[in-house]
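Structure first, then comments.
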Amino acid sequence: CRARWAIDIAYAILMLMMDKTQKKYAFTLVEMSIVLVIIALLVGGVLVGRTLIESGRIQKTIQELEEYTAAWQSFELEYGALPGDLSNAFDYWGTDCAATAPLCNGNGDGDLEPGNYTESRRFWRHLWLANLVKKEASGTTDTSCLPTNVMPSDGFSNGFFQVETNTPTLYGNTMKNSLIMYFGGCSQTSGTQALDMATLTPSQAQNIDQKRDDGLAYSGKIVGYDDNVGGGGVGSGCVTPLANNYTTANEGDYNTTSDEAECQISYSEHPVN
């Protein structure tokens with residue numbers, strides 16, 4: 001479409017260059033050369049623009065990942081607990097946090113329970129109340145995957161950040177119990193808060209991994225995989241060979257031959273090794 005747009009503009013320029021008063025409808029080599037140069041500049045400008053936009057989206061996502069990691073670490077130093085798990089959060093923020101203490105406080109056990117997203121929702125609420133993130137998330141009791149419960153990305157309009165503490169087995173290696181930040185998409189508006197959709201192409205996921213970690217899907221702090229922990233949803237080809245996606249130890253590369261959204265990523269301060 002963009003190439004067609006450039007050709008249409010060049011054609012319009014040619015029409016302006018025609019000397020209709022002399023009935024000259026053929027074009028000289030000089031005129032044709034000028035038009036070809038214009039087409040090249042237009043197409044080149046479009047491609048450069050697309051590259052800059054793509055680079056900006058990747059860089060913004062990395063910045064968000066680093067911002068939220070620094071925020072929860074600062075919160076833990078200040079309050080002695082993970083955001084979302086702080087057992088006396090209501091004492092700090094009162095009804096700005098929630099209507100009652102049970103809707104604001106965590107249980108103080110040091111975890112954001114996997115599969116129970118109450119504290120994961122409050123994670124973002126506590127960070128905002130502590131002035132450590134700019135976006136407000138209400139942390140409501142609703143279990144849907146909505147911006148009130150997960151953190152929308154500025155880099156990718158269909159991307160969200162979600163957290164939990166867990167000890168998952170990734171590519172045959174069991175991680176230490178740690179806070180894990182996921183980045184992906186969500187198809188649900190009710191009934192679940194799990195990110196269940198791919199947001200990134202394999203190349204985009206690899207680019208983030210390379211800039212922030214080791215560039216390998218199966219190791220390091222950043223791990224790439226199909227949507228919803230290994231497939232079955234929208235994306236089905238983040239890592240190749242597909243049989244190794246997420247489960248086989250120390251194998252699998254980003255499937256950069258695909259330009260479809262196939263990947264989610266997870267980030268942990270305790271790397272898979």
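Simple scheme: letters A, B, ... for chains in structure tokens order, numbers from 1 for residues in each chain, numbers from 1 for ligands in the order shown.
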
Got a sec to tell me which of range 24-104 of chain A DSSP assigns to helix (DSSP H, G or I), as an mmCIF file with N, CA, C and O atoms, in the first residue's frame?
data_model
loop_
_atom_site.group_PDB
_atom_site.id
_atom_site.type_symbol
_atom_site.label_atom_id
_atom_site.label_comp_id
_atom_site.auth_asym_id
_atom_site.auth_seq_id
_atom_site.Cartn_x
_atom_site.Cartn_y
_atom_site.Cartn_z
ATOM 1 N N LEU A 29 14.423 11.121 -20.658
ATOM 2 C CA LEU A 29 15.182 10.330 -19.685
ATOM 3 C C LEU A 29 15.430 11.123 -18.405
ATOM 4 O O LEU A 29 15.420 10.564 -17.302
ATOM 5 N N VAL A 30 15.625 12.422 -18.553
ATOM 6 C CA VAL A 30 15.854 13.262 -17.382
ATOM 7 C C VAL A 30 14.613 13.277 -16.488
ATOM 8 O O VAL A 30 14.694 13.135 -15.265
ATOM 9 N N GLU A 31 13.441 13.431 -17.119
ATOM 10 C CA GLU A 31 12.195 13.444 -16.358
ATOM 11 C C GLU A 31 11.961 12.113 -15.655
ATOM 12 O O GLU A 31 11.557 12.055 -14.487
ATOM 13 N N MET A 32 12.205 11.016 -16.386
ATOM 14 C CA MET A 32 12.022 9.701 -15.792
ATOM 15 C C MET A 32 12.991 9.492 -14.626
ATOM 16 O O MET A 32 12.644 8.901 -13.592
ATOM 17 N N SER A 33 14.213 9.990 -14.781
ATOM 18 C CA SER A 33 15.211 9.843 -13.711
ATOM 19 C C SER A 33 14.775 10.599 -12.462
ATOM 20 O O SER A 33 14.917 10.101 -11.338
ATOM 21 N N ILE A 34 14.252 11.791 -12.676
ATOM 22 C CA ILE A 34 13.780 12.586 -11.542
ATOM 23 C C ILE A 34 12.670 11.854 -10.794
ATOM 24 O O ILE A 34 12.658 11.781 -9.559
ATOM 25 N N VAL A 35 11.732 11.290 -11.550
ATOM 26 C CA VAL A 35 10.612 10.576 -10.924
ATOM 27 C C VAL A 35 11.097 9.356 -10.171
ATOM 28 O O VAL A 35 10.635 9.058 -9.058
ATOM 29 N N LEU A 36 12.035 8.618 -10.747
ATOM 30 C CA LEU A 36 12.570 7.424 -10.067
ATOM 31 C C LEU A 36 13.265 7.809 -8.759
ATOM 32 O O LEU A 36 13.151 7.093 -7.754
ATOM 33 N N VAL A 37 13.979 8.928 -8.790
ATOM 34 C CA VAL A 37 14.632 9.396 -7.566
ATOM 35 C C VAL A 37 13.590 9.750 -6.516
ATOM 36 O O VAL A 37 13.727 9.415 -5.329
ATOM 37 N N ILE A 38 12.511 10.419 -6.948
ATOM 38 C CA ILE A 38 11.439 10.790 -6.015
ATOM 39 C C ILE A 38 10.799 9.546 -5.407
ATOM 40 O O ILE A 38 10.560 9.476 -4.198
ATOM 41 N N ILE A 39 10.535 8.529 -6.263
ATOM 42 C CA ILE A 39 9.951 7.283 -5.752
ATOM 43 C C ILE A 39 10.873 6.644 -4.720
ATOM 44 O O ILE A 39 10.431 6.193 -3.655
ATOM 45 N N ALA A 40 12.167 6.597 -5.018
ATOM 46 C CA ALA A 40 13.128 5.991 -4.097
ATOM 47 C C ALA A 40 13.148 6.730 -2.759
ATOM 48 O O ALA A 40 13.208 6.106 -1.695
ATOM 49 N N LEU A 41 13.104 8.058 -2.829
ATOM 50 C CA LEU A 41 13.115 8.848 -1.596
ATOM 51 C C LEU A 41 11.848 8.614 -0.774
ATOM 52 O O LEU A 41 11.900 8.488 0.455
ATOM 53 N N LEU A 42 10.704 8.550 -1.464
ATOM 54 C CA LEU A 42 9.439 8.334 -0.759
ATOM 55 C C LEU A 42 9.395 6.964 -0.102
ATOM 56 O O LEU A 42 9.037 6.834 1.074
ATOM 57 N N VAL A 43 9.741 5.928 -0.857
ATOM 58 C CA VAL A 43 9.724 4.570 -0.306
ATOM 59 C C VAL A 43 10.755 4.431 0.810
ATOM 60 O O VAL A 43 10.478 3.853 1.863
ATOM 61 N N GLY A 44 11.947 4.995 0.588
ATOM 62 C CA GLY A 44 12.979 4.945 1.624
ATOM 63 C C GLY A 44 12.549 5.644 2.891
ATOM 64 O O GLY A 44 12.793 5.157 4.006
ATOM 65 N N GLY A 45 11.875 6.788 2.736
ATOM 66 C CA GLY A 45 11.401 7.517 3.904
ATOM 67 C C GLY A 45 10.371 6.732 4.693
ATOM 68 O O GLY A 45 10.372 6.724 5.921
ATOM 69 N N VAL A 46 9.480 6.039 3.961
ATOM 70 C CA VAL A 46 8.469 5.215 4.638
ATOM 71 C C VAL A 46 9.126 4.092 5.413
ATOM 72 O O VAL A 46 8.782 3.824 6.569
ATOM 73 N N LEU A 47 10.103 3.412 4.799
ATOM 74 C CA LEU A 47 10.778 2.293 5.462
ATOM 75 C C LEU A 47 11.559 2.758 6.679
ATOM 76 O O LEU A 47 11.554 2.106 7.729
ATOM 77 N N VAL A 48 12.241 3.890 6.547
ATOM 78 C CA VAL A 48 12.978 4.432 7.689
ATOM 79 C C VAL A 48 12.020 4.794 8.814
ATOM 80 O O VAL A 48 12.282 4.533 9.993
ATOM 81 N N GLY A 49 10.885 5.395 8.445
ATOM 82 C CA GLY A 49 9.895 5.751 9.452
ATOM 83 C C GLY A 49 9.372 4.542 10.193
ATOM 84 O O GLY A 49 9.222 4.558 11.419
ATOM 85 N N ARG A 50 9.095 3.462 9.460
ATOM 86 C CA ARG A 50 8.619 2.229 10.092
ATOM 87 C C ARG A 50 9.668 1.664 11.042
ATOM 88 O O ARG A 50 9.341 1.179 12.136
ATOM 89 N N THR A 51 10.930 1.720 10.634
ATOM 90 C CA THR A 51 12.011 1.208 11.479
ATOM 91 C C THR A 51 12.128 2.019 12.762
ATOM 92 O O THR A 51 12.308 1.460 13.853
ATOM 93 N N LEU A 52 12.003 3.334 12.642
ATOM 94 C CA LEU A 52 12.088 4.193 13.823
ATOM 95 C C LEU A 52 10.922 3.945 14.779
ATOM 96 O O LEU A 52 11.106 3.913 15.997
ATOM 97 N N ILE A 53 9.736 3.772 14.227
ATOM 98 C CA ILE A 53 8.568 3.494 15.065
ATOM 99 C C ILE A 53 8.736 2.171 15.794
ATOM 100 O O ILE A 53 8.478 2.060 16.993
ATOM 101 N N GLU A 54 9.193 1.154 15.060
ATOM 102 C CA GLU A 54 9.407 -0.166 15.668
ATOM 103 C C GLU A 54 10.452 -0.101 16.767
ATOM 104 O O GLU A 54 10.275 -0.658 17.856
ATOM 105 N N SER A 55 11.545 0.599 16.498
ATOM 106 C CA SER A 55 12.595 0.742 17.501
ATOM 107 C C SER A 55 12.077 1.464 18.737
ATOM 108 O O SER A 55 12.410 1.108 19.873
ATOM 109 N N GLY A 56 11.235 2.472 18.522
ATOM 110 C CA GLY A 56 10.669 3.209 19.644
ATOM 111 C C GLY A 56 9.764 2.353 20.503
ATOM 112 O O GLY A 56 9.777 2.453 21.733
ATOM 113 N N ARG A 57 8.979 1.478 19.878
ATOM 114 C CA ARG A 57 8.083 0.598 20.634
ATOM 115 C C ARG A 57 8.894 -0.386 21.488
ATOM 116 O O ARG A 57 8.559 -0.643 22.650
ATOM 117 N N ILE A 58 9.934 -0.934 20.893
ATOM 118 C CA ILE A 58 10.795 -1.876 21.626
ATOM 119 C C ILE A 58 11.455 -1.175 22.808
ATOM 120 O O ILE A 58 11.458 -1.679 23.944
ATOM 121 N N GLN A 59 12.022 0.006 22.555
ATOM 122 C CA GLN A 59 12.726 0.725 23.604
ATOM 123 C C GLN A 59 11.777 1.146 24.721
ATOM 124 O O GLN A 59 12.134 1.088 25.904
ATOM 125 N N LYS A 60 10.562 1.541 24.371
ATOM 126 C CA LYS A 60 9.586 1.943 25.384
ATOM 127 C C LYS A 60 9.215 0.760 26.268
ATOM 128 O O LYS A 60 9.086 0.906 27.498
ATOM 129 N N THR A 61 9.055 -0.413 25.689
ATOM 130 C CA THR A 61 8.724 -1.601 26.471
ATOM 131 C C THR A 61 9.854 -1.957 27.426
ATOM 132 O O THR A 61 9.621 -2.320 28.587
ATOM 133 N N ILE A 62 11.087 -1.834 26.957
ATOM 134 C CA ILE A 62 12.237 -2.093 27.832
ATOM 135 C C ILE A 62 12.274 -1.086 28.975
ATOM 136 O O ILE A 62 12.525 -1.443 30.136
ATOM 137 N N GLN A 63 12.022 0.174 28.659
ATOM 138 C CA GLN A 63 11.997 1.205 29.704
ATOM 139 C C GLN A 63 10.928 0.922 30.743
ATOM 140 O O GLN A 63 11.155 1.077 31.946
ATOM 141 N N GLU A 64 9.758 0.476 30.292
ATOM 142 C CA GLU A 64 8.688 0.142 31.226
ATOM 143 C C GLU A 64 9.089 -1.031 32.107
ATOM 144 O O GLU A 64 8.861 -1.017 33.324
ATOM 145 N N LEU A 65 9.684 -2.036 31.511
ATOM 146 C CA LEU A 65 10.135 -3.198 32.272
ATOM 147 C C LEU A 65 11.120 -2.781 33.354
ATOM 148 O O LEU A 65 11.026 -3.213 34.514
ATOM 149 N N GLU A 66 12.052 -1.928 32.994
ATOM 150 C CA GLU A 66 13.048 -1.462 33.964
ATOM 151 C C GLU A 66 12.421 -0.550 35.018
ATOM 152 O O GLU A 66 12.767 -0.616 36.204
ATOM 153 N N GLU A 67 11.478 0.293 34.595
ATOM 154 C CA GLU A 67 10.807 1.207 35.520
ATOM 155 C C GLU A 67 10.026 0.436 36.578
ATOM 156 O O GLU A 67 10.127 0.731 37.783
ATOM 157 N N TYR A 68 9.266 -0.565 36.156
ATOM 158 C CA TYR A 68 8.428 -1.310 37.098
ATOM 159 C C TYR A 68 9.281 -2.195 38.005
ATOM 160 O O TYR A 68 8.948 -2.389 39.181
ATOM 161 N N THR A 69 10.386 -2.714 37.477
ATOM 162 C CA THR A 69 11.294 -3.505 38.319
ATOM 163 C C THR A 69 11.904 -2.630 39.400
ATOM 164 O O THR A 69 11.951 -3.010 40.580
ATOM 165 N N ALA A 70 12.389 -1.443 39.011
ATOM 166 C CA ALA A 70 12.962 -0.517 39.997
ATOM 167 C C ALA A 70 11.915 -0.073 41.005
ATOM 168 O O ALA A 70 12.211 0.096 42.199
ATOM 169 N N ALA A 71 10.662 0.081 40.552
ATOM 170 C CA ALA A 71 9.596 0.544 41.438
ATOM 171 C C ALA A 71 9.306 -0.477 42.536
ATOM 172 O O ALA A 71 9.204 -0.119 43.715
ATOM 173 N N TRP A 72 9.141 -1.752 42.175
ATOM 174 C CA TRP A 72 8.817 -2.721 43.221
ATOM 175 C C TRP A 72 9.996 -2.963 44.156
ATOM 176 O O TRP A 72 9.823 -3.237 45.346
ATOM 177 N N GLN A 73 11.217 -2.837 43.634
ATOM 178 C CA GLN A 73 12.386 -2.979 44.508
ATOM 179 C C GLN A 73 12.474 -1.815 45.493
ATOM 180 O O GLN A 73 12.787 -2.013 46.677
ATOM 181 N N SER A 74 12.164 -0.601 45.030
ATOM 182 C CA SER A 74 12.149 0.565 45.912
ATOM 183 C C SER A 74 11.047 0.435 46.959
ATOM 184 O O SER A 74 11.243 0.778 48.138
ATOM 185 N N PHE A 75 9.905 -0.072 46.543
ATOM 186 C CA PHE A 75 8.793 -0.275 47.474
ATOM 187 C C PHE A 75 9.191 -1.258 48.565
ATOM 188 O O PHE A 75 8.930 -1.017 49.763
ATOM 189 N N GLU A 76 9.818 -2.335 48.177
ATOM 190 C CA GLU A 76 10.201 -3.361 49.156
ATOM 191 C C GLU A 76 11.205 -2.814 50.163
ATOM 192 O O GLU A 76 11.145 -3.124 51.359
ATOM 193 N N LEU A 77 12.124 -1.972 49.701
ATOM 194 C CA LEU A 77 13.091 -1.352 50.613
ATOM 195 C C LEU A 77 12.405 -0.385 51.573
ATOM 196 O O LEU A 77 12.759 -0.313 52.754
ATOM 197 N N GLU A 78 11.426 0.354 51.076
ATOM 198 C CA GLU A 78 10.756 1.363 51.884
ATOM 199 C C GLU A 78 9.773 0.759 52.883
ATOM 200 O O GLU A 78 9.720 1.169 54.052
ATOM 201 N N TYR A 79 9.016 -0.245 52.449
ATOM 202 C CA TYR A 79 7.922 -0.752 53.282
ATOM 203 C C TYR A 79 8.176 -2.153 53.850
ATOM 204 O O TYR A 79 7.383 -2.646 54.657
ATOM 205 N N ALA A 89 -1.193 -1.935 54.488
ATOM 206 C CA ALA A 89 -1.281 -0.884 53.469
ATOM 207 C C ALA A 89 -2.376 0.124 53.794
ATOM 208 O O ALA A 89 -2.230 1.325 53.535
ATOM 209 N N PHE A 90 -3.469 -0.342 54.380
ATOM 210 C CA PHE A 90 -4.588 0.550 54.705
ATOM 211 C C PHE A 90 -4.172 1.592 55.734
ATOM 212 O O PHE A 90 -4.687 2.714 55.739
ATOM 213 N N ASP A 91 -3.229 1.244 56.613
ATOM 214 C CA ASP A 91 -2.736 2.202 57.609
ATOM 215 C C ASP A 91 -2.012 3.365 56.930
ATOM 216 O O ASP A 91 -2.005 4.491 57.447
ATOM 217 N N TYR A 92 -1.399 3.116 55.789
ATOM 218 C CA TYR A 92 -0.679 4.166 55.060
ATOM 219 C C TYR A 92 -1.623 5.017 54.206
ATOM 220 O O TYR A 92 -1.483 6.246 54.161
ATOM 221 N N TRP A 93 -2.561 4.396 53.527
ATOM 222 C CA TRP A 93 -3.309 5.114 52.485
ATOM 223 C C TRP A 93 -4.815 5.154 52.728
ATOM 224 O O TRP A 93 -5.525 5.839 51.999
ATOM 225 N N GLY A 94 -5.313 4.421 53.697
ATOM 226 C CA GLY A 94 -6.725 4.484 54.046
ATOM 227 C C GLY A 94 -7.646 4.243 52.868
ATOM 228 O O GLY A 94 -7.384 3.387 52.014
ATOM 229 N N THR A 95 -8.688 5.032 52.784
ATOM 230 C CA THR A 95 -9.686 4.826 51.747
ATOM 231 C C THR A 95 -9.229 5.249 50.354
ATOM 232 O O THR A 95 -9.931 5.006 49.370
ATOM 233 N N ASP A 96 -8.064 5.900 50.268
ATOM 234 C CA ASP A 96 -7.489 6.128 48.941
ATOM 235 C C ASP A 96 -7.104 4.801 48.293
ATOM 236 O O ASP A 96 -7.019 4.701 47.069
ATOM 237 N N ALA A 101 -10.077 -2.084 54.868
ATOM 238 C CA ALA A 101 -8.737 -2.667 54.966
ATOM 239 C C ALA A 101 -8.605 -4.000 54.236
ATOM 240 O O ALA A 101 -7.593 -4.226 53.541
ATOM 241 N N PRO A 102 -9.557 -4.931 54.358
ATOM 242 C CA PRO A 102 -9.406 -6.213 53.656
ATOM 243 C C PRO A 102 -9.307 -6.089 52.141
ATOM 244 O O PRO A 102 -8.752 -6.974 51.488
ATOM 245 N N LEU A 103 -9.844 -4.996 51.588
ATOM 246 C CA LEU A 103 -9.767 -4.790 50.141
ATOM 247 C C LEU A 103 -8.477 -4.084 49.725
ATOM 248 O O LEU A 103 -8.206 -3.958 48.529
#

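Within the 9 Å cut-off around Asp109 in chain A, using only C-alpha atoms and omitting residues fewer than 2 positions from it on the same chain, the listed residues are Ala81, Asp85, Leu86, Ser87, Gly106, Asn107, Asp111 and Leu112 of chain A.
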
Saved selection, atoms kept: C-alpha atoms, as an mmCIF file, in the first residue's frame:
data_model
loop_
_atom_site.group_PDB
_atom_site.id
_atom_site.type_symbol
_atom_site.label_atom_id
_atom_site.label_comp_id
_atom_site.auth_asym_id
_atom_site.auth_seq_id
_atom_site.Cartn_x
_atom_site.Cartn_y
_atom_site.Cartn_z
ATOM 1 C CA ALA A 81 7.120 -6.007 51.797
ATOM 2 C CA ASP A 85 1.454 -8.120 49.817
ATOM 3 C CA LEU A 86 1.821 -5.273 52.350
ATOM 4 C CA SER A 87 -0.349 -6.338 55.303
ATOM 5 C CA GLY A 106 -2.064 -8.114 51.425
ATOM 6 C CA ASN A 107 -1.479 -11.033 53.744
ATOM 7 C CA ASP A 111 4.292 -13.933 47.952
ATOM 8 C CA LEU A 112 1.892 -12.709 45.305
#

Residue contacts of range 252-262 of chain A (7 Å, only C-alpha atoms) excluding same-chain residues fewer than 6 positions away, as a PyMOL selection string: chain A and resi 198-203+206+216-218+226+235-241+244-245

Point-to-point distance from CA of Arg125 in chain A to CA of Val163 in chain A, Å rounded to tenths: 12.5 Å

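When only C-alpha atoms are used to compute distances to Met181 in chain A, the closest of the residues A:Ala137, A:Phe161, A:Phe156, A:Ser219 turns out to be A:Phe161.
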
To one decimal place, how far is CA of Ile222 in chain A from CA of Pro152 in chain A in Å?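 Rounded to one decimal, the two atoms are 19.0 Å apart.
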
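CA of Cys97 in chain A is found 7.3 Å from CA of Leu129 in chain A.
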
Give the answer as one residue: which of A:Lys221, A:Ala99, A:Tyr182, A:Asn105 has the shortest atom-to-atom distance to Glu164 in chain A, using only C-alpha atoms?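 That would be A:Tyr182, the residue with the smallest distance to Glu164 in chain A.
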